[in-house]
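File shown here: input-v8.csv, holding CSV, C-alpha atoms and all ligand atoms.
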```csv
chain,number,residue,atom,x,y,z
A,1,MET,CA,30.3,8.9,14.4
A,2,ALA,CA,31.4,6.8,11.5
A,3,LYS,CA,28.8,6.0,8.9
A,4,ILE,CA,28.7,2.3,8.3
A,5,ILE,CA,26.5,0.2,6.0
A,6,LEU,CA,25.7,-3.5,6.5
A,7,THR,CA,23.4,-5.4,4.3
A,8,GLY,CA,23.2,-8.8,2.5
A,9,ASP,CA,21.2,-11.5,0.8
A,10,ARG,CA,20.5,-15.2,1.4
A,11,PRO,CA,22.2,-17.3,-1.2
A,12,THR,CA,19.2,-19.4,-2.2
A,13,GLY,CA,19.2,-18.5,-5.9
A,14,LYS,CA,20.6,-16.1,-8.5
A,15,LEU,CA,19.7,-12.5,-8.0
A,16,HIS,CA,17.0,-11.0,-10.3
A,17,VAL,CA,16.0,-7.6,-11.5
A,18,GLY,CA,13.8,-7.3,-8.4
A,19,HIS,CA,16.9,-7.5,-6.2
A,20,TYR,CA,18.5,-5.0,-8.6
A,21,VAL,CA,16.0,-2.2,-8.4
A,22,GLY,CA,15.1,-3.1,-4.8
A,23,SER,CA,18.6,-2.9,-3.4
A,24,LEU,CA,21.6,-3.7,-5.5
A,25,LYS,CA,21.5,-0.5,-7.6
A,26,ARG,CA,21.1,1.6,-4.5
A,27,ARG,CA,24.1,-0.2,-2.8
A,28,VAL,CA,26.3,0.7,-5.7
A,29,GLU,CA,25.1,4.4,-5.6
A,30,LEU,CA,25.8,4.5,-1.8
A,31,GLN,CA,29.2,2.9,-2.5
A,32,GLU,CA,30.0,5.6,-5.1
A,33,SER,CA,28.6,8.5,-3.0
A,34,GLY,CA,31.6,8.5,-0.8
A,35,GLY,CA,29.2,9.2,2.1
A,36,TYR,CA,30.1,6.1,4.1
A,37,ASP,CA,33.2,5.2,6.0
A,38,GLN,CA,32.7,1.4,5.6
A,39,ILE,CA,30.4,-0.8,3.7
A,40,PHE,CA,29.9,-4.5,4.4
A,41,ILE,CA,27.9,-6.7,2.0
A,42,MET,CA,27.2,-10.2,3.4
A,43,ILE,CA,26.2,-13.4,1.8
A,44,ALA,CA,23.9,-14.7,4.5
A,45,ASP,CA,24.5,-18.5,4.1
A,46,ALA,CA,24.0,-19.3,7.8
A,47,GLN,CA,20.6,-17.6,7.6
A,48,ALA,CA,19.8,-19.4,4.3
A,49,LEU,CA,20.5,-22.7,6.2
A,50,THR,CA,17.8,-21.8,8.8
A,51,ASP,CA,15.2,-22.9,6.4
A,52,ASN,CA,17.3,-25.0,4.0
A,53,ALA,CA,19.0,-27.2,6.6
A,54,ASP,CA,18.4,-30.3,4.4
A,55,ASP,CA,19.8,-28.7,1.3
A,56,PRO,CA,23.3,-27.4,2.0
A,57,GLU,CA,24.4,-28.0,-1.6
A,58,LYS,CA,21.9,-25.4,-2.8
A,59,VAL,CA,23.4,-22.8,-0.5
A,60,ARG,CA,26.9,-23.8,-1.4
A,61,GLN,CA,26.2,-23.5,-5.2
A,62,ASN,CA,24.6,-20.1,-4.8
A,63,ILE,CA,27.4,-18.4,-2.9
A,64,ILE,CA,29.4,-17.9,-6.2
A,65,GLU,CA,26.2,-16.9,-8.1
A,66,VAL,CA,25.4,-14.2,-5.6
A,67,ALA,CA,29.1,-13.1,-5.5
A,68,LEU,CA,29.1,-12.8,-9.3
A,69,ASP,CA,25.9,-10.9,-9.2
A,70,TYR,CA,27.4,-8.5,-6.6
A,71,LEU,CA,30.5,-7.9,-8.6
A,72,SER,CA,28.7,-7.6,-11.9
A,73,VAL,CA,26.4,-4.8,-10.7
A,74,GLY,CA,29.4,-2.8,-9.7
A,75,LEU,CA,30.0,-3.6,-6.0
A,76,ASP,CA,33.7,-3.1,-5.8
A,77,PRO,CA,35.8,-5.1,-3.3
A,78,ALA,CA,38.2,-2.1,-3.0
A,79,LYS,CA,35.3,0.0,-1.6
A,80,SER,CA,33.0,-2.6,-0.1
A,81,THR,CA,33.8,-5.6,2.0
A,82,LEU,CA,32.1,-8.6,0.5
A,83,PHE,CA,32.0,-11.6,2.9
A,84,ILE,CA,30.3,-14.8,3.9
A,85,GLN,CA,28.3,-14.9,7.1
A,86,SER,CA,29.3,-18.4,8.2
A,87,GLN,CA,33.0,-17.5,8.0
A,88,VAL,CA,32.6,-14.9,10.8
A,89,PRO,CA,32.0,-17.1,13.9
A,90,GLN,CA,31.7,-14.1,16.2
A,91,LEU,CA,28.2,-13.6,14.8
A,92,CYS,CA,27.0,-16.9,16.4
A,93,GLU,CA,28.5,-15.8,19.7
A,94,LEU,CA,26.7,-12.5,19.6
A,95,SER,CA,23.4,-14.2,18.7
A,96,PHE,CA,23.7,-16.5,21.7
A,97,TYR,CA,24.0,-13.5,24.1
A,98,TYR,CA,21.3,-11.5,22.4
A,99,MET,CA,18.9,-14.4,22.8
A,100,ASN,CA,18.7,-13.6,26.5
A,101,LEU,CA,17.2,-10.2,25.6
A,102,VAL,CA,14.3,-11.4,23.4
A,103,THR,CA,11.1,-13.2,24.4
A,104,VAL,CA,9.5,-16.1,22.5
A,105,SER,CA,6.3,-14.1,22.2
A,106,ARG,CA,8.2,-11.2,20.6
A,107,LEU,CA,9.6,-13.4,18.0
A,108,GLN,CA,6.2,-14.9,17.3
A,109,ARG,CA,4.9,-11.4,16.7
A,110,ASN,CA,7.6,-10.6,14.0
A,111,PRO,CA,5.4,-10.2,10.9
A,112,THR,CA,8.1,-11.4,8.5
A,113,VAL,CA,8.8,-14.6,10.5
A,114,LYS,CA,5.0,-15.1,10.8
A,115,SER,CA,4.4,-15.0,7.0
A,116,GLU,CA,7.5,-17.1,6.3
A,117,ILE,CA,6.3,-19.8,8.8
A,118,GLN,CA,3.0,-19.9,6.9
A,119,MET,CA,4.8,-20.0,3.5
A,120,ARG,CA,7.0,-22.9,4.5
A,121,ASN,CA,4.2,-24.8,6.3
A,122,PHE,CA,6.4,-24.7,9.4
A,123,GLU,CA,3.4,-24.2,11.7
A,124,ALA,CA,3.5,-27.6,13.3
A,125,SER,CA,7.3,-27.8,13.7
A,126,ILE,CA,9.3,-24.6,13.5
A,127,PRO,CA,13.1,-25.2,13.5
A,128,VAL,CA,14.5,-23.2,16.4
A,129,GLY,CA,17.3,-21.8,14.2
A,130,PHE,CA,14.7,-20.4,11.8
A,131,PHE,CA,12.6,-19.0,14.6
A,132,THR,CA,15.5,-17.1,16.0
A,133,TYR,CA,17.0,-15.8,12.8
A,134,PRO,CA,15.9,-12.2,13.5
A,135,ILE,CA,18.2,-12.4,16.5
A,136,SER,CA,21.1,-13.5,14.3
A,137,GLN,CA,20.3,-10.7,12.0
A,138,ALA,CA,20.7,-8.3,14.9
A,139,ALA,CA,24.1,-9.8,15.4
A,140,ASP,CA,25.0,-9.3,11.7
A,141,ILE,CA,24.0,-5.6,11.9
A,142,THR,CA,25.5,-4.8,15.3
A,143,ALA,CA,28.8,-6.7,14.8
A,144,PHE,CA,29.8,-4.1,12.2
A,145,LYS,CA,28.4,-1.2,14.2
A,146,ALA,CA,26.2,-0.5,11.2
A,147,THR,CA,24.4,2.9,11.3
A,148,THR,CA,22.6,2.2,8.0
A,149,VAL,CA,20.9,-0.9,6.7
A,150,PRO,CA,19.7,-0.6,3.1
A,151,VAL,CA,17.0,-3.2,2.6
A,152,GLY,CA,13.6,-3.8,1.2
A,153,GLU,CA,10.4,-3.1,3.2
A,154,ASP,CA,10.0,-6.8,4.0
A,155,GLN,CA,13.0,-6.4,6.2
A,156,MET,CA,11.5,-3.6,8.3
A,157,PRO,CA,10.4,-6.0,11.1
A,158,MET,CA,14.0,-7.3,11.3
A,159,ILE,CA,15.5,-3.8,11.8
A,160,GLU,CA,12.8,-3.0,14.3
A,161,GLN,CA,13.7,-6.2,16.3
A,162,THR,CA,17.4,-5.3,16.0
A,163,ARG,CA,16.7,-1.8,17.4
A,164,GLU,CA,14.9,-3.3,20.3
A,165,ILE,CA,17.8,-5.6,21.0
A,166,VAL,CA,20.3,-2.7,20.8
A,167,HIS,CA,18.2,-0.6,23.2
A,168,LYS,CA,17.8,-3.5,25.6
A,169,PHE,CA,21.5,-4.4,25.5
A,170,ASN,CA,22.6,-0.8,26.1
A,171,THR,CA,20.1,-0.3,28.9
A,172,VAL,CA,21.1,-3.5,30.7
A,173,TYR,CA,24.9,-3.5,30.1
A,174,GLY,CA,25.7,0.1,29.3
A,175,GLU,CA,26.1,2.0,26.0
A,176,THR,CA,27.9,-0.5,23.8
A,177,LEU,CA,26.0,-1.2,20.5
A,178,VAL,CA,25.2,1.2,17.7
A,179,MET,CA,21.6,1.9,16.9
A,180,PRO,CA,21.0,1.2,13.2
A,181,ASP,CA,18.6,2.9,10.8
A,182,ILE,CA,16.8,1.3,7.9
A,183,LEU,CA,17.2,2.8,4.5
A,184,LEU,CA,14.3,2.0,2.2
A,185,PRO,CA,14.3,2.3,-1.6
A,186,GLU,CA,13.2,5.7,-2.8
A,187,ASN,CA,11.2,4.7,-5.9
A,188,LYS,CA,7.9,3.2,-4.8
A,189,ALA,CA,7.8,0.8,-7.7
A,190,CYS,CA,11.1,-0.6,-6.5
A,191,LEU,CA,9.7,-1.6,-3.1
A,192,ARG,CA,8.6,-4.9,-4.7
A,193,LEU,CA,8.7,-5.8,-8.4
A,194,PRO,CA,6.1,-8.3,-9.4
A,195,GLY,CA,6.9,-11.5,-11.3
A,196,THR,CA,6.7,-11.5,-15.1
A,197,ASP,CA,3.4,-13.5,-14.7
A,198,GLY,CA,1.8,-10.7,-12.6
A,199,LYS,CA,2.2,-12.6,-9.3
A,200,ALA,CA,3.1,-10.4,-6.4
A,201,LYS,CA,6.6,-11.8,-6.0
A,202,MET,CA,9.4,-13.0,-8.2
A,203,SER,CA,10.3,-16.4,-7.2
A,204,LYS,CA,12.5,-19.0,-8.8
A,205,SER,CA,10.1,-21.8,-8.3
A,206,LEU,CA,7.3,-19.9,-10.1
A,207,GLY,CA,9.7,-19.3,-13.1
A,208,ASN,CA,8.6,-15.7,-13.2
A,209,CYS,CA,12.0,-13.9,-12.7
A,210,ILE,CA,14.3,-12.0,-14.9
A,211,PHE,CA,17.8,-12.8,-13.6
A,212,LEU,CA,20.7,-10.5,-13.8
A,213,SER,CA,22.6,-13.4,-15.4
A,214,ASP,CA,20.0,-14.1,-18.1
A,215,THR,CA,21.2,-13.8,-21.7
A,216,GLU,CA,19.9,-11.0,-23.9
A,217,LYS,CA,17.6,-13.5,-25.7
A,218,ASP,CA,16.2,-14.9,-22.4
A,219,VAL,CA,15.4,-11.4,-21.2
A,220,GLN,CA,13.6,-10.5,-24.5
A,221,LYS,CA,11.6,-13.7,-24.4
A,222,LYS,CA,10.5,-13.1,-20.9
A,223,ILE,CA,9.5,-9.6,-21.5
A,224,MET,CA,7.6,-10.3,-24.7
A,225,SER,CA,5.6,-13.0,-22.9
A,226,MET,CA,4.9,-10.9,-19.8
A,227,PHE,CA,1.5,-10.7,-18.3
A,228,THR,CA,-0.3,-7.4,-18.9
A,229,ASP,CA,-3.9,-6.2,-18.4
A,230,PRO,CA,-5.9,-9.4,-19.2
A,231,ASN,CA,-8.9,-7.2,-20.4
A,232,HIS,CA,-6.7,-5.4,-22.9
A,233,LEU,CA,-7.5,-7.8,-25.8
A,234,LYS,CA,-7.5,-5.5,-28.8
A,235,VAL,CA,-5.2,-2.6,-29.4
A,236,GLU,CA,-8.2,-0.2,-29.5
A,237,ASP,CA,-9.4,-1.4,-26.0
A,238,PRO,CA,-8.7,0.9,-23.1
A,239,GLY,CA,-6.0,-0.7,-20.9
A,240,GLN,CA,-5.2,-0.6,-17.2
A,241,VAL,CA,-1.8,0.5,-16.0
A,242,GLU,CA,-2.3,-0.1,-12.3
A,243,GLY,CA,-1.1,-3.5,-11.3
A,244,ASN,CA,0.1,-4.1,-14.9
A,245,PRO,CA,3.6,-5.6,-14.5
A,246,VAL,CA,4.9,-4.1,-17.8
A,247,PHE,CA,4.1,-0.6,-16.5
A,248,ILE,CA,5.4,-1.4,-13.0
A,249,TYR,CA,8.7,-2.4,-14.6
A,250,LEU,CA,8.7,0.8,-16.6
A,251,ASP,CA,8.0,2.8,-13.4
A,252,ALA,CA,11.1,1.1,-11.9
A,253,PHE,CA,13.4,1.3,-14.8
A,254,CYS,CA,12.6,4.0,-17.4
A,255,ARG,CA,13.6,7.6,-17.4
A,256,ASP,CA,12.5,10.5,-19.7
A,257,GLU,CA,15.7,10.2,-21.7
A,258,HIS,CA,14.7,6.6,-22.7
A,259,PHE,CA,11.7,8.0,-24.6
A,260,ALA,CA,13.9,10.5,-26.6
A,261,ARG,CA,16.0,7.6,-27.7
A,262,PHE,CA,13.7,4.6,-28.0
A,263,LEU,CA,10.2,6.0,-28.3
A,264,PRO,CA,10.3,9.6,-29.3
A,265,GLU,CA,6.5,9.9,-30.1
A,266,TYR,CA,6.0,10.1,-26.3
A,267,GLU,CA,7.5,12.6,-24.1
A,268,ASN,CA,7.5,10.5,-21.0
A,269,LEU,CA,6.0,7.6,-19.1
A,270,ASP,CA,2.9,9.6,-18.2
A,271,ALA,CA,2.1,10.2,-21.8
A,272,LEU,CA,2.6,6.5,-22.6
A,273,LYS,CA,0.3,5.5,-19.7
A,274,ALA,CA,-2.3,8.0,-20.8
A,275,HIS,CA,-2.4,6.5,-24.3
A,276,TYR,CA,-2.6,3.0,-23.0
A,277,THR,CA,-5.4,3.9,-20.6
A,278,ARG,CA,-7.3,5.7,-23.5
A,279,GLY,CA,-6.9,2.7,-25.8
A,280,GLY,CA,-5.2,2.4,-29.1
A,281,LEU,CA,-1.8,1.3,-27.8
A,282,GLY,CA,-0.8,-2.3,-28.1
A,283,ASP,CA,1.1,-4.4,-25.5
A,284,VAL,CA,3.7,-5.4,-28.0
A,285,LYS,CA,4.8,-1.8,-28.5
A,286,VAL,CA,5.1,-1.2,-24.8
A,287,LYS,CA,6.9,-4.5,-24.3
A,288,LYS,CA,9.4,-3.7,-27.0
A,289,PHE,CA,10.1,-0.4,-25.3
A,290,LEU,CA,10.6,-2.1,-21.9
A,291,ASN,CA,12.9,-4.6,-23.6
A,292,LYS,CA,15.1,-1.8,-24.9
A,293,VAL,CA,15.2,0.0,-21.5
A,294,LEU,CA,16.0,-3.2,-19.6
A,295,GLN,CA,18.6,-4.5,-22.1
A,296,GLU,CA,20.4,-1.2,-21.8
A,297,GLU,CA,20.5,-1.4,-18.1
A,298,LEU,CA,21.6,-5.1,-18.1
A,299,ALA,CA,24.2,-5.1,-20.8
A,300,PRO,CA,27.1,-3.6,-18.8
A,301,ILE,CA,26.1,-5.9,-15.9
A,302,ARG,CA,26.3,-8.9,-18.2
A,303,ALA,CA,29.6,-7.8,-19.6
A,304,ARG,CA,31.2,-7.4,-16.2
A,305,ARG,CA,29.9,-10.8,-15.2
A,306,LYS,CA,31.7,-12.4,-18.2
A,307,GLN,CA,34.9,-10.9,-17.0
A,308,PHE,CA,34.6,-12.2,-13.4
A,309,GLU,CA,33.5,-15.6,-14.6
A,310,LYS,CA,36.9,-16.0,-16.3
A,311,ASP,CA,38.6,-16.1,-12.9
A,312,ILE,CA,36.4,-17.8,-10.4
A,313,PRO,CA,39.3,-18.6,-8.0
A,314,ALA,CA,39.9,-14.8,-7.8
A,315,VAL,CA,36.2,-14.3,-6.8
A,316,TYR,CA,36.6,-16.8,-3.9
A,317,LYS,CA,39.7,-14.9,-2.9
A,318,ILE,CA,37.7,-11.7,-2.7
A,319,LEU,CA,35.2,-13.4,-0.4
A,320,GLU,CA,38.0,-15.0,1.7
A,321,GLU,CA,39.8,-11.7,2.2
A,322,GLY,CA,36.5,-9.9,2.8
A,323,SER,CA,35.5,-12.5,5.4
A,324,ARG,CA,38.9,-12.1,7.2
A,325,LYS,CA,38.4,-8.4,7.3
A,326,ALA,CA,34.8,-8.8,8.6
A,327,GLU,CA,36.0,-11.2,11.2
A,328,ALA,CA,38.5,-8.7,12.6
A,329,VAL,CA,35.8,-6.1,12.9
A,330,ALA,CA,33.3,-8.5,14.5
A,331,ALA,CA,35.9,-9.7,17.0
A,332,GLN,CA,36.3,-6.1,18.2
A,333,THR,CA,32.6,-5.7,18.8
A,334,LEU,CA,32.4,-9.1,20.5
A,335,ALA,CA,35.2,-8.0,22.8
A,336,ASP,CA,33.2,-4.8,23.7
A,337,VAL,CA,30.1,-6.9,24.2
A,338,LYS,CA,31.8,-9.4,26.5
A,339,GLN,CA,33.4,-6.6,28.5
A,340,ALA,CA,30.0,-4.9,28.9
A,341,MET,CA,28.5,-8.3,30.0
A,342,LYS,CA,31.3,-8.9,32.4
A,343,ILE,CA,32.4,-12.1,30.8
A,344,ASP,CA,35.9,-10.9,29.9
A,345,TYR,CA,37.6,-12.6,32.8
A,346,PHE,CA,41.1,-13.0,31.4
A,347,ALA,CA,41.3,-9.5,30.0
A,348,ASP,CA,40.2,-8.0,33.3
A,349,GLN,CA,43.3,-7.6,35.4
A,350,ALA,CA,41.4,-5.7,38.1
A,351,LEU,CA,39.1,-8.7,38.6
A,352,ILE,CA,42.0,-11.1,38.9
A,353,ALA,CA,43.8,-8.9,41.4
A,354,GLU,CA,40.6,-8.4,43.4
A,355,GLN,CA,39.9,-12.1,43.6
A,356,ALA,CA,43.6,-12.8,44.5
A,357,LYS,CA,43.3,-10.3,47.3
A,358,ARG,CA,40.0,-11.8,48.5
A,359,PHE,CA,41.3,-15.3,48.7
A,360,GLY,CA,44.8,-14.3,49.9
A,361,GLU,CA,43.2,-12.5,52.8
A,362,GLY,CA,41.0,-15.5,53.6
B,401,LIG,N1,17.3,-11.3,5.7
B,401,LIG,C1,18.0,-10.9,4.6
B,401,LIG,C2,17.3,-11.5,3.3
B,401,LIG,O1,16.5,-12.3,3.4
B,401,LIG,C3,19.5,-11.2,4.6
B,401,LIG,C4,20.2,-10.7,5.8
B,401,LIG,C5,20.8,-11.4,6.8
B,401,LIG,C6,20.4,-9.3,6.1
B,401,LIG,N2,21.3,-10.6,7.7
B,401,LIG,C7,21.1,-9.4,7.3
B,401,LIG,C8,20.0,-8.1,5.5
B,401,LIG,C9,21.5,-8.2,8.0
B,401,LIG,C10,20.4,-6.9,6.1
B,401,LIG,C11,21.1,-7.0,7.4
B,401,LIG,O2,17.7,-11.2,2.2
```
Step by step, read the file and then write its structure as structure tokens.
Amino acid sequence: MAKIILTGDRPTGKLHVGHYVGSLKRRVELQESGGYDQIFIMIADAQALTDNADDPEKVRQNIIEVALDYLSVGLDPAKSTLFIQSQVPQLCELSFYYMNLVTVSRLQRNPTVKSEIQMRNFEASIPVGFFTYPISQAADITAFKATTVPVGEDQMPMIEQTREIVHKFNTVYGETLVMPDILLPENKACLRLPGTDGKAKMSKSLGNCIFLSDTEKDVQKKIMSMFTDPNHLKVEDPGQVEGNPVFIYLDAFCRDEHFARFLPEYENLDALKAHYTRGGLGDVKVKKFLNKVLQEELAPIRARRKQFEKDIPAVYKILEEGSRKAEAVAAQTLADVKQAMKIDYFADQALIAEQAKRFGEG
């Protein structure tokens, strides 16, 4: 069976280093591995509208930001199909049919939906579109017959829900949809990178993100003012590395070779952590090291972005062509689905002949 990847992001803001270690970097590795027959990367604007219905301009503005972020990290339109969700109308149609296979109580139990409802103070009045977005996500995944969905752990409930829909569909209507598997990040620190302020999550509104599109100066400023261990006041004090964002970032980004080049007095991160824990190692030194590591990772991304920014119409062209290609694939799956559901009246010559005979005989 063909190995197919589908994944994507809501265009509600520029992508940050959390997205990068959590998924973007992996996507590029998967793209370059040659292990997949097809890769679809979707800008999930329709899903973004489920909780931003009153702010379409925000979604519209961020399409190009996310596209530039994709291209600048190395997603290559020659190898991966980059497309916009709303431009593939078959996804809506699939969602509509999948809705018959999911109960309201099952959606209410989806942990990600639950916490998002709380976060957005939706309790009293949940928009139906928002409530059902896990179903639309199942449409996204199944439309492309995806076998592999590389996402962060927060998306686990969505993939679970998709798998249930696939199972139910295939049981009721016959083997039609492909069962997808989730592919989680390997590095534990990458599961979720905290904000630079130490808050659990990077979020634009908290101003605690390092964006892929930040300038070198911005990145340096953000790193040098990062939250660390609040009890590590003097250099001599013993410091804590657990829960310390500077060390979590190092867990995510640094490799032994970085020490050889930027901080040769330590062999590796364990040695650096040991010194910090013991006391006698200042935050500034660790932050300067993190800055070097991160700048090295971000420099080529920034350079590539500059190139793509020079020809924005070409970027929209990439998305348009990708969307057309995606639509053709989704149309085939929709045809399979409609046939399985017995709603393919005009394509079913046997049905027409049978009915003609029935009425002809009457
Ligand atoms: N829910 C994902 C996010 O919030 C975006 C998304 C929409 C997605 N449809 C998808 C991810 C299908 C993977 C597969 O970023």
Might you pull out every residue within 12 Å of Asp76 of chain A, with all atoms listed in the file counted and same-chain residues fewer than 3 positions away left off, and present them as a PyMOL selection string? chain A and resi 27-32+39-41+67-73+79-82+304+308+315+318-319+322
Export, as a JSON list (two decimals), keeping the file's coordinate frame, the selected residues with C-alpha atoms.
```json
[["chain", "number", "residue", "atom", "x", "y", "z"],
["A", 27, "ARG", "CA", 24.10, -0.20, -2.80],
["A", 28, "VAL", "CA", 26.30, 0.70, -5.70],
["A", 29, "GLU", "CA", 25.10, 4.40, -5.60],
["A", 30, "LEU", "CA", 25.80, 4.50, -1.80],
["A", 31, "GLN", "CA", 29.20, 2.90, -2.50],
["A", 32, "GLU", "CA", 30.00, 5.60, -5.10],
["A", 39, "ILE", "CA", 30.40, -0.80, 3.70],
["A", 40, "PHE", "CA", 29.90, -4.50, 4.40],
["A", 41, "ILE", "CA", 27.90, -6.70, 2.00],
["A", 67, "ALA", "CA", 29.10, -13.10, -5.50],
["A", 68, "LEU", "CA", 29.10, -12.80, -9.30],
["A", 69, "ASP", "CA", 25.90, -10.90, -9.20],
["A", 70, "TYR", "CA", 27.40, -8.50, -6.60],
["A", 71, "LEU", "CA", 30.50, -7.90, -8.60],
["A", 72, "SER", "CA", 28.70, -7.60, -11.90],
["A", 73, "VAL", "CA", 26.40, -4.80, -10.70],
["A", 79, "LYS", "CA", 35.30, 0.00, -1.60],
["A", 80, "SER", "CA", 33.00, -2.60, -0.10],
["A", 81, "THR", "CA", 33.80, -5.60, 2.00],
["A", 82, "LEU", "CA", 32.10, -8.60, 0.50],
["A", 304, "ARG", "CA", 31.20, -7.40, -16.20],
["A", 308, "PHE", "CA", 34.60, -12.20, -13.40],
["A", 315, "VAL", "CA", 36.20, -14.30, -6.80],
["A", 318, "ILE", "CA", 37.70, -11.70, -2.70],
["A", 319, "LEU", "CA", 35.20, -13.40, -0.40],
["A", 322, "GLY", "CA", 36.50, -9.90, 2.80]]
```
Kindly indicate which residue among A:Ile126, A:Ala353, A:Val337, A:Ile4 lies nearest to Gly174 of chain A, using only C-alpha atoms for the distances. A:Val337
Surrounding residues as a list in words, ligand LIG 401 (chain B), max 6 Å, only C-alpha atoms and all ligand atoms: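 I would give the residues around ligand LIG 401 (chain B) as Leu6, Thr7, Gly8, Asp9, Arg10, Ala44, Gln137, Asp140 and Ile141 of chain A.
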So, with all atoms listed in the file as the atoms that count, which of A:Ala260, A:Ala314, A:Met1, A:Leu193 lies closest to His16 of chain A? A:Leu193
Please list, as a compact mmCIF listing (two decimals) with C-alpha atoms, in the coordinates of the input, the residues that have an atom at most 12 Å away from (7.2, 1.1, -12.2) in the coordinates of this file, counting only C-alpha atoms.
```
# COMPACT_ATOMS: atom_id res chain seq x y z
CA GLY A 18 13.80 -7.30 -8.40
CA VAL A 21 16.00 -2.20 -8.40
CA GLY A 22 15.10 -3.10 -4.80
CA ASN A 187 11.20 4.70 -5.90
CA LYS A 188 7.90 3.20 -4.80
CA ALA A 189 7.80 0.80 -7.70
CA CYS A 190 11.10 -0.60 -6.50
CA LEU A 191 9.70 -1.60 -3.10
CA ARG A 192 8.60 -4.90 -4.70
CA LEU A 193 8.70 -5.80 -8.40
CA PRO A 194 6.10 -8.30 -9.40
CA VAL A 241 -1.80 0.50 -16.00
CA GLU A 242 -2.30 -0.10 -12.30
CA GLY A 243 -1.10 -3.50 -11.30
CA ASN A 244 0.10 -4.10 -14.90
CA PRO A 245 3.60 -5.60 -14.50
CA VAL A 246 4.90 -4.10 -17.80
CA PHE A 247 4.10 -0.60 -16.50
CA ILE A 248 5.40 -1.40 -13.00
CA TYR A 249 8.70 -2.40 -14.60
CA LEU A 250 8.70 0.80 -16.60
CA ASP A 251 8.00 2.80 -13.40
CA ALA A 252 11.10 1.10 -11.90
CA PHE A 253 13.40 1.30 -14.80
CA CYS A 254 12.60 4.00 -17.40
CA ARG A 255 13.60 7.60 -17.40
CA LEU A 269 6.00 7.60 -19.10
CA ASP A 270 2.90 9.60 -18.20
CA LYS A 273 0.30 5.50 -19.70
CA LEU A 290 10.60 -2.10 -21.90
```
At a cut-off of 10 Å, using all atoms listed in the file, what residues contact segment 152-161 of chain A? Leave out same-chain residues fewer than 4 positions from it and give the result as a ChimeraX atom specification. /A:19,22-23,102,106-107,109-113,133-138,141,165-167,179-185,190-192
Just the number, please: distance in Å from atom CA of Val151 of chain A to atom CA of Arg163 of chain A, one decimal. 14.9 Å
Selected residue of minimal separation from Arg302 of chain A among A:Pro127, A:Gly74, A:Gly195, A:Gly360, counting only C-alpha atoms: A:Gly74
Taking only C-alpha atoms into account, which of A:Asp344, A:Glu361, A:Glu65, A:Asp37 comes nearest Leu212 of chain A?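 With only C-alpha atoms as the atom set, the closest residue is A:Glu65.
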Mind giving me the straight-line distance from atom CA of Gln339 of chain A to atom CA of Gln47 of chain A in Å, one decimal? 26.9 Å
What's around segment 52-61 of chain A at 10 Å? Count only C-alpha atoms, leave out sequence neighbours fewer than 3 positions away in its own chain, and write the answer as a list in words.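 Non-adjacent residues within range: Arg10, Pro11, Thr12, Gly13, Lys14, Ala44, Asp45, Ala46, Gln47, Ala48, Leu49, Ile64, Glu65, Val66, Pro127, Gly129 and Phe130 of chain A.
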What is the distance between atom CA of Glu265 of chain A and atom CA of Gly198 of chain A, in Å to one decimal?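 Atom CA of Gly198 of chain A lies at a distance of 27.4 Å from atom CA of Glu265 of chain A.
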Counting only C-alpha atoms, figure out which residue out of A:Ala146, A:Ala139, A:Leu298, A:Ala331 gets nearest to Lys25 of chain A.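 Nearest to Lys25 of chain A: A:Leu298.
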Which residue of A:Ile343, A:Lys317, A:Val329, A:Leu15 approaches Asn62 of chain A most closely, using all atoms listed in the file: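 Residue with the minimum atom-to-atom distance to Asn62 of chain A: A:Leu15.
The neighbours of Ala143 of chain A here are the residues that come within 9 Å of it, using all atoms listed in the file and leaving out any residue fewer than 5 positions away in the same chain; they are Gln90, Leu91, Leu94, Ala138, Leu177, Ala326, Val329, Ala330, Ala331, Gln332, Thr333 and Leu334 of chain A.
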